[in-house]
Amino acid sequence: MTSIGYLGPKGTFTKMAVDSVFNGEMKNGYRTIPECIDAVDKGEVDIGVVPIENAIEGTVQLTIDYLIHQVRLPVVAEIIVPIQQHLLVRKEVTSTLSDIHEVYSHSHAIAQCHQYLHHHLHSALTKHTSSTGKAAEIVSNSKEPIAAIGNRLAAEEYGLHILQENIHDYPNNHTRFLVLSNHPEKVHIRHKKDSEKTTMLITLPNDQSGALHQILSAFSWRKLNLSKIESRPTKTGLGNYFFIIDVDQPYDDILFPGVKSELEALGCQVTILGTYPVYHMLQH
C-alpha cells in the first residue's frame, strides 16, 4: 500500500489537503516539515505533502529552504486548498472570549488572524506551535481557559467547540501544498487536474547589473508566463541569491531547453525542480 507523510498531527490543514485528493493510502503525520521531507528522502513513506505558500502570509520559507539546501526531492503535484480559520476551545472550560488568556497555533495561522486577535483578544498571549493540529491537541488536554486557531477537522478530531468561525483577516485565504515523491508512479490523485506548472531553480554566477532582467527576458520573448518569482539567499554571503520561478505550463522539449541554454550561457545554474499538475480543491 502507498504511504503518505504529512505535517501532523491530526487536524492540520495539510491533513485536510491529503484527505481531499488521496483515498485508501496509509497516512503518517510528522511533527515538523523537515521530518516529513526526511521521511520521503529516507523511504519511510512514498509521498510527502508539505505547505509551500499561503495567500495571506506568503511563502513557507522553511519548506523552500529545506528543499533547496538540505534535501532535494522532485515536486510531482500541487494542491491548492481554501483555508478557514476558527477559534477552538474546550466548551466546559471556556465559554466567552473574555475567558481566554492564551491562544495557540502555528505562526502562519496566527498571522492570518492578526486583526481578529488585535481587536477581540488583544490581552491574550499568542503561543506558536508546530502545527494547527498540535495547537488543538494542547487545548484539548488543558483545563485552563486557552484557545487554538485551527480548522473544523481539528475541532472534530479533538472534541473542541468552535467559539468563533472564520476569524482569518481576508476571505480569499488559500494555501498551496507540494506533493513530493521519488516514485511518481505511486502518486494517484482522485481529481481532474486544473492546470500544469514547471518550477525552476536559477542561481546567478555573481551579483551583476541587469541579471534579473536578462533572466526574465529568456522567458518573455518565448511567451512563457511566470506565475511567481521569488529570491532566497544562497547562504553563502550577503547579497547572494537564487531565484525560484514558477512557469504556467508543463516542461517541453523546445522552449524550456532553450531557456536553460540561454541562462547557462549567462553563467547561471539552472535546475528543474519539477513539472507537475495543479489541483484546486473546493471548500467543504
# chains A, B, ... in the order shown; residues from 1 in each chain; ligands from 1

$ residues_around --residues "A:Asp46" --least-positions-apart "5" --cutoff "12 Å" --atoms "only C-alpha atoms" --output "PyMOL selection string"
chain A and resi 1-6+25-28+36-41+73+76+179-188

$ residues_around --residues "A:Met16" --least-positions-apart "3" --cutoff "10 Å" --atoms "only C-alpha atoms" --output "PDB file with all heavy atoms, in the first residue's frame"
ATOM      1  N   TYR A   6       2.702  13.616   6.082  1.00  0.00           N
ATOM      2  CA  TYR A   6       2.176  14.982   6.058  1.00  0.00           C
ATOM      3  C   TYR A   6       2.534  15.675   7.370  1.00  0.00           C
ATOM      4  O   TYR A   6       2.902  15.019   8.351  1.00  0.00           O
ATOM      5  CB  TYR A   6       0.657  14.984   5.846  1.00  0.00           C
ATOM      6  CG  TYR A   6      -0.106  14.304   6.965  1.00  0.00           C
ATOM      7  CD1 TYR A   6      -0.559  15.027   8.068  1.00  0.00           C
ATOM      8  CD2 TYR A   6      -0.356  12.937   6.937  1.00  0.00           C
ATOM      9  CE1 TYR A   6      -1.248  14.413   9.108  1.00  0.00           C
ATOM     10  CE2 TYR A   6      -1.038  12.307   7.969  1.00  0.00           C
ATOM     11  CZ  TYR A   6      -1.484  13.056   9.049  1.00  0.00           C
ATOM     12  OH  TYR A   6      -2.147  12.439  10.079  1.00  0.00           O
ATOM     13  N   LYS A  10      -3.051  14.954  13.828  1.00  0.00           N
ATOM     14  CA  LYS A  10      -4.385  15.017  13.242  1.00  0.00           C
ATOM     15  C   LYS A  10      -4.893  16.455  13.273  1.00  0.00           C
ATOM     16  O   LYS A  10      -4.530  17.247  14.113  1.00  0.00           O
ATOM     17  CB  LYS A  10      -5.356  14.129  14.030  1.00  0.00           C
ATOM     18  CG  LYS A  10      -4.992  12.668  14.085  1.00  0.00           C
ATOM     19  CD  LYS A  10      -6.004  11.880  14.888  1.00  0.00           C
ATOM     20  CE  LYS A  10      -5.982  12.261  16.349  1.00  0.00           C
ATOM     21  NZ  LYS A  10      -6.916  11.434  17.159  1.00  0.00           N
ATOM     22  N   GLY A  11      -5.756  16.772  12.304  1.00  0.00           N
ATOM     23  CA  GLY A  11      -6.427  18.062  12.347  1.00  0.00           C
ATOM     24  C   GLY A  11      -5.698  19.214  11.701  1.00  0.00           C
ATOM     25  O   GLY A  11      -6.145  20.364  11.809  1.00  0.00           O
ATOM     26  N   THR A  12      -4.589  18.969  11.003  1.00  0.00           N
ATOM     27  CA  THR A  12      -3.885  20.063  10.323  1.00  0.00           C
ATOM     28  C   THR A  12      -4.499  20.313   8.949  1.00  0.00           C
ATOM     29  O   THR A  12      -5.204  19.470   8.392  1.00  0.00           O
ATOM     30  CB  THR A  12      -2.399  19.733  10.136  1.00  0.00           C
ATOM     31  OG1 THR A  12      -2.283  18.580   9.280  1.00  0.00           O
ATOM     32  CG2 THR A  12      -1.715  19.450  11.461  1.00  0.00           C
ATOM     33  N   PHE A  13      -4.195  21.477   8.392  1.00  0.00           N
ATOM     34  CA  PHE A  13      -4.649  21.770   7.037  1.00  0.00           C
ATOM     35  C   PHE A  13      -3.950  20.872   6.022  1.00  0.00           C
ATOM     36  O   PHE A  13      -4.513  20.546   4.978  1.00  0.00           O
ATOM     37  CB  PHE A  13      -4.410  23.245   6.701  1.00  0.00           C
ATOM     38  CG  PHE A  13      -5.382  24.167   7.369  1.00  0.00           C
ATOM     39  CD1 PHE A  13      -5.023  24.872   8.511  1.00  0.00           C
ATOM     40  CD2 PHE A  13      -6.663  24.327   6.874  1.00  0.00           C
ATOM     41  CE1 PHE A  13      -5.925  25.708   9.143  1.00  0.00           C
ATOM     42  CE2 PHE A  13      -7.579  25.165   7.494  1.00  0.00           C
ATOM     43  CZ  PHE A  13      -7.201  25.858   8.630  1.00  0.00           C
ATOM     44  N   ASP A  19      -6.360  14.359   2.647  1.00  0.00           N
ATOM     45  CA  ASP A  19      -7.655  13.672   2.595  1.00  0.00           C
ATOM     46  C   ASP A  19      -8.474  14.073   1.387  1.00  0.00           C
ATOM     47  O   ASP A  19      -9.284  13.279   0.878  1.00  0.00           O
ATOM     48  CB  ASP A  19      -8.454  13.964   3.869  1.00  0.00           C
ATOM     49  CG  ASP A  19      -7.873  13.270   5.092  1.00  0.00           C
ATOM     50  OD1 ASP A  19      -7.052  12.346   4.924  1.00  0.00           O
ATOM     51  OD2 ASP A  19      -8.236  13.677   6.216  1.00  0.00           O
ATOM     52  N   SER A  20      -8.267  15.289   0.891  1.00  0.00           N
ATOM     53  CA  SER A  20      -9.083  15.786  -0.218  1.00  0.00           C
ATOM     54  C   SER A  20      -8.696  15.185  -1.565  1.00  0.00           C
ATOM     55  O   SER A  20      -9.512  15.169  -2.492  1.00  0.00           O
ATOM     56  CB  SER A  20      -9.000  17.317  -0.300  1.00  0.00           C
ATOM     57  OG  SER A  20      -7.705  17.737  -0.696  1.00  0.00           O
ATOM     58  N   VAL A  21      -7.469  14.675  -1.682  1.00  0.00           N
ATOM     59  CA  VAL A  21      -7.031  14.185  -3.003  1.00  0.00           C
ATOM     60  C   VAL A  21      -6.587  12.732  -3.018  1.00  0.00           C
ATOM     61  O   VAL A  21      -6.439  12.137  -4.078  1.00  0.00           O
ATOM     62  CB  VAL A  21      -5.900  15.062  -3.581  1.00  0.00           C
ATOM     63  CG1 VAL A  21      -6.368  16.478  -3.818  1.00  0.00           C
ATOM     64  CG2 VAL A  21      -4.672  15.043  -2.689  1.00  0.00           C
ATOM     65  N   VAL A  81      -5.756  24.542  -1.486  1.00  0.00           N
ATOM     66  CA  VAL A  81      -6.888  24.291  -0.588  1.00  0.00           C
ATOM     67  C   VAL A  81      -7.358  25.600   0.042  1.00  0.00           C
ATOM     68  O   VAL A  81      -6.535  26.370   0.552  1.00  0.00           O
ATOM     69  CB  VAL A  81      -6.475  23.301   0.522  1.00  0.00           C
ATOM     70  CG1 VAL A  81      -7.616  23.077   1.497  1.00  0.00           C
ATOM     71  CG2 VAL A  81      -6.023  21.979  -0.090  1.00  0.00           C
ATOM     72  N   ILE A  83      -8.667  27.932   2.943  1.00  0.00           N
ATOM     73  CA  ILE A  83      -8.364  27.859   4.372  1.00  0.00           C
ATOM     74  C   ILE A  83      -9.375  28.681   5.160  1.00  0.00           C
ATOM     75  O   ILE A  83      -9.581  29.869   4.890  1.00  0.00           O
ATOM     76  CB  ILE A  83      -6.947  28.389   4.657  1.00  0.00           C
ATOM     77  CG1 ILE A  83      -5.902  27.601   3.860  1.00  0.00           C
ATOM     78  CG2 ILE A  83      -6.647  28.358   6.150  1.00  0.00           C
ATOM     79  CD1 ILE A  83      -5.803  26.141   4.212  1.00  0.00           C
ATOM     80  N   ASN A 151      -8.797  24.405  12.119  1.00  0.00           N
ATOM     81  CA  ASN A 151      -9.907  24.144  11.202  1.00  0.00           C
ATOM     82  C   ASN A 151     -10.984  23.271  11.842  1.00  0.00           C
ATOM     83  O   ASN A 151     -10.863  22.813  12.974  1.00  0.00           O
ATOM     84  CB  ASN A 151      -9.386  23.502   9.915  1.00  0.00           C
ATOM     85  CG  ASN A 151      -8.604  22.229  10.188  1.00  0.00           C
ATOM     86  OD1 ASN A 151      -9.019  21.382  10.959  1.00  0.00           O
ATOM     87  ND2 ASN A 151      -7.448  22.098   9.552  1.00  0.00           N
ATOM     88  N   ARG A 152     -12.037  23.034  11.069  1.00  0.00           N
ATOM     89  CA  ARG A 152     -13.166  22.245  11.566  1.00  0.00           C
ATOM     90  C   ARG A 152     -12.758  20.793  11.837  1.00  0.00           C
ATOM     91  O   ARG A 152     -13.267  20.155  12.761  1.00  0.00           O
ATOM     92  CB  ARG A 152     -14.309  22.311  10.559  1.00  0.00           C
ATOM     93  CG  ARG A 152     -15.648  21.840  11.095  1.00  0.00           C
ATOM     94  CD  ARG A 152     -16.752  22.135  10.098  1.00  0.00           C
ATOM     95  NE  ARG A 152     -16.895  23.556   9.886  1.00  0.00           N
ATOM     96  CZ  ARG A 152     -17.602  24.368  10.662  1.00  0.00           C
ATOM     97  NH1 ARG A 152     -18.231  23.878  11.728  1.00  0.00           N
ATOM     98  NH2 ARG A 152     -17.702  25.663  10.402  1.00  0.00           N
ATOM     99  N   LEU A 153     -11.825  20.278  11.008  1.00  0.00           N
ATOM    100  CA  LEU A 153     -11.346  18.918  11.214  1.00  0.00           C
ATOM    101  C   LEU A 153     -10.682  18.783  12.577  1.00  0.00           C
ATOM    102  O   LEU A 153     -10.891  17.790  13.291  1.00  0.00           O
ATOM    103  CB  LEU A 153     -10.361  18.530  10.111  1.00  0.00           C
ATOM    104  CG  LEU A 153      -9.672  17.169  10.239  1.00  0.00           C
ATOM    105  CD1 LEU A 153     -10.698  16.044  10.210  1.00  0.00           C
ATOM    106  CD2 LEU A 153      -8.634  16.987   9.132  1.00  0.00           C
ATOM    107  N   ALA A 154      -9.879  19.769  12.960  1.00  0.00           N
ATOM    108  CA  ALA A 154      -9.216  19.743  14.263  1.00  0.00           C
ATOM    109  C   ALA A 154     -10.232  19.757  15.390  1.00  0.00           C
ATOM    110  O   ALA A 154     -10.073  19.074  16.405  1.00  0.00           O
ATOM    111  CB  ALA A 154      -8.260  20.924  14.391  1.00  0.00           C
TER     112      ALA A 154
END

$ closest_atom_pairs --of "stretch 125-202 of chain A" --to "stretch 261-276 of chain A" --cutoff "8 Å" --atoms "only C-alpha atoms" --output "tab-separated table"
residue	atom	partner	partner_atom	distance
A:Glu196	CA	A:Tyr276	CA	5.6
A:Lys197	CA	A:Tyr276	CA	5.5
A:Thr198	CA	A:Thr275	CA	4.1
A:Thr199	CA	A:Leu273	CA	5.4
A:Met200	CA	A:Ile272	CA	4.6
A:Leu201	CA	A:Thr271	CA	5.0
A:Ile202	CA	A:Val270	CA	4.7

$ residues_around --residues "A:Ala155" --least-positions-apart "3" --cutoff "10 Å" --atoms "only C-alpha atoms" --output "number ranges by chain"
A: 11, 86-90, 133, 136-137, 140, 148-152, 158-162

$ select_by_dssp --residues "stretch 43-186 of chain A" --states "strand (DSSP E or B)" --output "number ranges by chain"
A: 47-54, 58-59, 75-82, 86-89, 102-105, 125-128, 146-150, 161-164, 174-180

$ write_last_selection --atoms "N, CA and C atoms" --output "short mmCIF file (atom, residue, chain, number, x, y, z; two decimals), in the first residue's frame"
data_model
loop_
_atom_site.label_atom_id
_atom_site.label_comp_id
_atom_site.auth_asym_id
_atom_site.auth_seq_id
_atom_site.Cartn_x
_atom_site.Cartn_y
_atom_site.Cartn_z
N ILE A 47 5.28 9.18 -0.36
CA ILE A 47 4.86 10.52 -0.77
C ILE A 47 4.87 11.43 0.45
N GLY A 48 5.25 12.70 0.25
CA GLY A 48 5.18 13.69 1.31
C GLY A 48 4.37 14.89 0.85
N VAL A 49 3.58 15.45 1.73
CA VAL A 49 2.78 16.64 1.41
C VAL A 49 3.12 17.72 2.44
N VAL A 50 3.58 18.88 1.94
CA VAL A 50 4.01 19.96 2.83
C VAL A 50 3.49 21.30 2.30
N PRO A 51 3.18 22.25 3.20
CA PRO A 51 2.73 23.57 2.74
C PRO A 51 3.88 24.37 2.14
N ILE A 52 3.58 25.14 1.12
CA ILE A 52 4.61 25.94 0.46
C ILE A 52 4.27 27.43 0.42
N GLU A 53 2.96 27.79 0.39
CA GLU A 53 2.62 29.21 0.31
C GLU A 53 1.19 29.44 0.76
N ASN A 54 0.98 30.54 1.49
CA ASN A 54 -0.36 30.96 1.87
C ASN A 54 -0.68 32.29 1.22
N GLY A 58 2.13 34.47 2.54
CA GLY A 58 3.22 34.26 1.60
C GLY A 58 3.91 32.92 1.76
N THR A 59 5.16 32.86 1.31
CA THR A 59 5.90 31.61 1.25
C THR A 59 6.21 31.02 2.63
N VAL A 75 9.15 17.59 -7.18
CA VAL A 75 7.77 18.03 -6.96
C VAL A 75 6.92 17.34 -8.03
N VAL A 76 5.92 16.56 -7.61
CA VAL A 76 5.12 15.79 -8.57
C VAL A 76 3.69 16.30 -8.69
N ALA A 77 3.26 17.18 -7.78
CA ALA A 77 1.91 17.76 -7.87
C ALA A 77 1.80 18.93 -6.91
N GLU A 78 0.78 19.74 -7.15
CA GLU A 78 0.47 20.85 -6.24
C GLU A 78 -1.02 20.80 -5.94
N ILE A 79 -1.35 21.01 -4.66
CA ILE A 79 -2.74 21.04 -4.22
C ILE A 79 -3.02 22.41 -3.63
N ILE A 80 -4.11 23.06 -4.07
CA ILE A 80 -4.49 24.37 -3.54
C ILE A 80 -5.79 24.19 -2.77
N VAL A 81 -5.76 24.54 -1.49
CA VAL A 81 -6.89 24.29 -0.59
C VAL A 81 -7.36 25.60 0.04
N PRO A 82 -8.66 25.88 0.03
CA PRO A 82 -9.17 27.06 0.75
C PRO A 82 -9.02 26.87 2.25
N HIS A 86 -10.71 28.95 12.53
CA HIS A 86 -11.72 29.10 13.58
C HIS A 86 -11.05 29.17 14.95
N LEU A 87 -11.75 29.74 15.91
CA LEU A 87 -11.26 29.81 17.28
C LEU A 87 -11.84 28.62 18.04
N LEU A 88 -10.96 27.73 18.51
CA LEU A 88 -11.38 26.47 19.12
C LEU A 88 -11.10 26.46 20.62
N VAL A 89 -12.07 25.99 21.39
CA VAL A 89 -11.92 25.94 22.85
C VAL A 89 -12.54 24.65 23.39
N GLU A 102 -4.72 32.77 26.62
CA GLU A 102 -3.66 32.34 25.70
C GLU A 102 -4.30 31.76 24.44
N VAL A 103 -3.67 32.02 23.30
CA VAL A 103 -4.12 31.47 22.02
C VAL A 103 -2.96 30.75 21.37
N TYR A 104 -3.16 29.48 21.02
CA TYR A 104 -2.13 28.62 20.45
C TYR A 104 -2.39 28.37 18.97
N SER A 105 -1.33 28.38 18.16
CA SER A 105 -1.43 27.93 16.77
C SER A 105 -0.08 28.05 16.08
N LEU A 125 -2.15 36.20 25.30
CA LEU A 125 -0.84 35.89 24.76
C LEU A 125 -0.97 34.89 23.62
N THR A 126 -0.16 35.06 22.58
CA THR A 126 -0.15 34.09 21.48
C THR A 126 1.05 33.16 21.65
N LYS A 127 0.81 31.87 21.45
CA LYS A 127 1.83 30.85 21.61
C LYS A 127 1.95 30.07 20.31
N HIS A 128 3.17 30.00 19.76
CA HIS A 128 3.39 29.31 18.50
C HIS A 128 3.56 27.80 18.73
N ILE A 146 -7.84 28.43 27.60
CA ILE A 146 -7.00 28.76 26.45
C ILE A 146 -7.74 28.38 25.16
N ALA A 147 -7.22 28.86 24.03
CA ALA A 147 -7.88 28.60 22.75
C ALA A 147 -6.83 28.23 21.71
N ALA A 148 -7.31 27.62 20.63
CA ALA A 148 -6.47 27.31 19.48
C ALA A 148 -7.08 27.91 18.24
N ILE A 149 -6.22 28.23 17.28
CA ILE A 149 -6.69 28.62 15.95
C ILE A 149 -6.49 27.41 15.05
N GLY A 150 -7.56 26.94 14.43
CA GLY A 150 -7.46 25.76 13.59
C GLY A 150 -8.70 25.57 12.74
N HIS A 161 -14.90 22.86 20.78
CA HIS A 161 -16.04 23.70 20.38
C HIS A 161 -15.53 24.89 19.55
N ILE A 162 -16.21 25.19 18.46
CA ILE A 162 -15.86 26.37 17.66
C ILE A 162 -16.54 27.58 18.28
N LEU A 163 -15.75 28.37 18.99
CA LEU A 163 -16.30 29.55 19.67
C LEU A 163 -16.59 30.66 18.68
N GLN A 164 -15.73 30.79 17.66
CA GLN A 164 -15.93 31.81 16.63
C GLN A 164 -15.45 31.27 15.29
N HIS A 174 -6.14 30.95 0.84
CA HIS A 174 -5.81 29.64 0.29
C HIS A 174 -4.36 29.30 0.61
N THR A 175 -4.08 28.01 0.68
CA THR A 175 -2.71 27.55 0.86
C THR A 175 -2.35 26.55 -0.23
N ARG A 176 -1.13 26.69 -0.76
CA ARG A 176 -0.59 25.74 -1.73
C ARG A 176 0.22 24.69 -0.98
N PHE A 177 0.03 23.43 -1.38
CA PHE A 177 0.79 22.32 -0.81
C PHE A 177 1.53 21.60 -1.93
N LEU A 178 2.78 21.23 -1.68
CA LEU A 178 3.56 20.47 -2.64
C LEU A 178 3.47 18.98 -2.31
N VAL A 179 3.33 18.17 -3.36
CA VAL A 179 3.38 16.72 -3.24
C VAL A 179 4.76 16.29 -3.72
N LEU A 180 5.54 15.65 -2.83
CA LEU A 180 6.92 15.28 -3.11
C LEU A 180 7.05 13.76 -3.15
#

$ closest_residue --among "A:Lys143, A:His120, A:Lys15, A:Lys193" --to "A:Val93" --atoms "only C-alpha atoms"
A:Lys143

$ atom_distance --atom1 "atom CA of A:Leu226" --atom2 "atom CA of A:Asp246"
5.7 Å

$ atom_distance --atom1 "atom CA of A:Gly8" --atom2 "atom CA of A:Thr94"
25.3 Å

$ closest_residue --among "A:Arg190, A:Lys235, A:His119, A:Lys42" --to "A:Val18" --atoms "only C-alpha atoms"
A:Arg190

$ atom_distance --atom1 "atom CA of A:His213" --atom2 "atom CA of A:Ile229"
12.3 Å

$ closest_residue --among "A:Gly43, A:Pro277, A:Gly210, A:Pro9" --to "A:Gly29" --atoms "only C-alpha atoms"
A:Pro9

$ select_by_dssp --residues "stretch 2-226 of chain A" --states "alpha helix (DSSP H)" --output "PyMOL selection string"
chain A and resi 13-21+33-41+61-69+107-112+114-120+132-140+152-158+211-220

$ closest_residue --among "A:Ala55, A:Ala218, A:Ile68, A:Val45" --to "A:His108" --atoms "only C-alpha atoms"
A:Ala55
